[in-house]
Amino acid sequence: MINKPLLKPKSNNFITKDINNDIKNYDHDNLINFNNYNNNNNYANYLSVAKFWSLNDVRYMRAALALAQLGATNDEVPVGAVLVHNDKIIGEGFNKPISTCDPTSHAEIAALRSACISLQNYRLPENTTLYVTLEPCTMCLGALIHARLSRLVFATHEPRAGVVGSQLNLLEKGFYNHKIDVNNGLLKSHSQQILKSFFRNKRNQKNKNSY
Ligand SMILES: [Zn+2]
């Protein structure tokens with residue numbers, strides 16, 4: 001049974017001081033597309049973000065974005081998610097309700113299922129973080145609470161149906177017996193870009209077909 005490894009407090013790998021050195025030494029392929037940061041303004045933005053997020057945060061959100069993109073190539077609304085424990089991905093998934101004929105097949109649920117099956121446990125280990133490219137819906141937030149997720153990081157808000165700040169902030173209601181730490185805004189524009197281009201392509205296809 002995997003009910004063991006409780007994490008030590010998060011290691012201090014934040015880019016606070018010697019940021020240029022950190023960036024220079026980092027594997028850029030796994031971090032960020034620096035072409036997007038090729039002017040001073042954008043670079044300044046990047047630095048302000050990087051001071052807040054850890055390099056691992058950025059790395060795992062990049063992984064979630066890659067999964068979202070995979071969803072788009074499968075003609076599903078592009079949302080991706082990875083679950084991380086002990087600096088290791090323990091579950092991942094992307095949104096695919098259409099291809100699976102399964103309304104519950106959201107990225108978060110897919111990531112939970114893959115982690116829980118491989119861990120053979122209906123709950124996640126303590127100090128597990130979920131990186132997801134879009135704010136969770138009611139169903140997914142409920143599942144994350146049931147799974148005892150410790151920390152949720154999402155890239156961008158879902159103004160129509162998000163319940164972690166947009167339409168509601170369910171976690172602040174106080175009737176759940178579990179608390180999840182939440183951070184948002186990491187690689188927000190990347191996620192928005194993937195969603196926008198997906199819906200733009202959809203509209204273009206539709207217009208083409210209507211002629
Ligand atoms: Zn959902």
# chains A, B, ... in the order shown; residues from 1 in each chain; ligands from 1
$ residues_near_ligand --ligand "ligand 1" --cutoff "10 Å" --atoms "only C-alpha atoms and all ligand atoms" --output "list of chain:residue names"
A:Val79, A:Asn95, A:Pro103, A:Thr104, A:Ser105, A:His106, A:Ala107, A:Glu108, A:Ile109, A:Ala110, A:Leu134, A:Glu135, A:Pro136, A:Cys137, A:Thr138, A:Met139, A:Cys140, A:Leu141, A:Gly142, A:Ala143, A:Ala161, A:Gly162, A:Val163
$ residues_around --residues "Cys116 of chain A" --least-positions-apart "4" --cutoff "10 Å" --atoms "only C-alpha atoms" --output "number ranges by chain"
A: 90-91, 110-112, 120-125, 147
$ select_by_dssp --residues "segment 56-198 of chain A" --states "strand (DSSP E)" --output "list in words"
Gly80, Ala81, Val82, Leu83, Val84, His85, Lys88, Ile89, Ile90, Gly91, Glu92, Gly93, Phe94, Thr129, Leu130, Tyr131, Val132, Thr133, Leu134, Arg151, Leu152, Val153, Phe154, Ala155, Thr156, Asp181, Val182, Asn183 and Asn184 of chain A
$ residues_around --residues "Val58 of chain A" --least-positions-apart "2" --cutoff "8 Å" --atoms "only C-alpha atoms" --output "PyMOL selection string"
chain A and resi 31-32+53-56+60-62+186-187
$ write_last_selection --atoms "N, CA and C atoms" --output "tab-separated table (two decimals), in the first residue's frame"
chain	number	residue	atom	x	y	z
A	31	LEU	N	11.48	24.76	-19.70
A	31	LEU	CA	10.98	25.87	-18.91
A	31	LEU	C	9.99	26.71	-19.68
A	32	ILE	N	10.46	27.52	-20.54
A	32	ILE	CA	9.58	28.54	-21.10
A	32	ILE	C	10.09	28.89	-22.48
A	53	TRP	N	6.82	32.41	-8.70
A	53	TRP	CA	6.67	30.97	-8.93
A	53	TRP	C	8.02	30.29	-8.85
A	54	SER	N	8.01	29.03	-8.47
A	54	SER	CA	9.26	28.27	-8.50
A	54	SER	C	9.49	27.76	-9.92
A	55	LEU	N	10.71	27.43	-10.20
A	55	LEU	CA	11.01	26.87	-11.52
A	55	LEU	C	10.22	25.59	-11.77
A	56	ASN	N	10.04	24.81	-10.72
A	56	ASN	CA	9.25	23.59	-10.88
A	56	ASN	C	7.80	23.90	-11.21
A	60	TYR	N	6.07	22.32	-14.50
A	60	TYR	CA	4.90	21.44	-14.50
A	60	TYR	C	3.70	22.07	-15.20
A	61	MET	N	3.59	23.39	-15.12
A	61	MET	CA	2.50	24.01	-15.87
A	61	MET	C	2.77	23.89	-17.37
A	62	ARG	N	4.03	23.94	-17.74
A	62	ARG	CA	4.37	23.70	-19.16
A	62	ARG	C	3.92	22.30	-19.58
A	186	LEU	N	-0.30	31.43	-13.37
A	186	LEU	CA	0.97	30.94	-13.92
A	186	LEU	C	0.80	30.56	-15.40
A	187	LEU	N	1.58	31.18	-16.26
A	187	LEU	CA	1.52	30.98	-17.72
A	187	LEU	C	0.09	31.18	-18.26
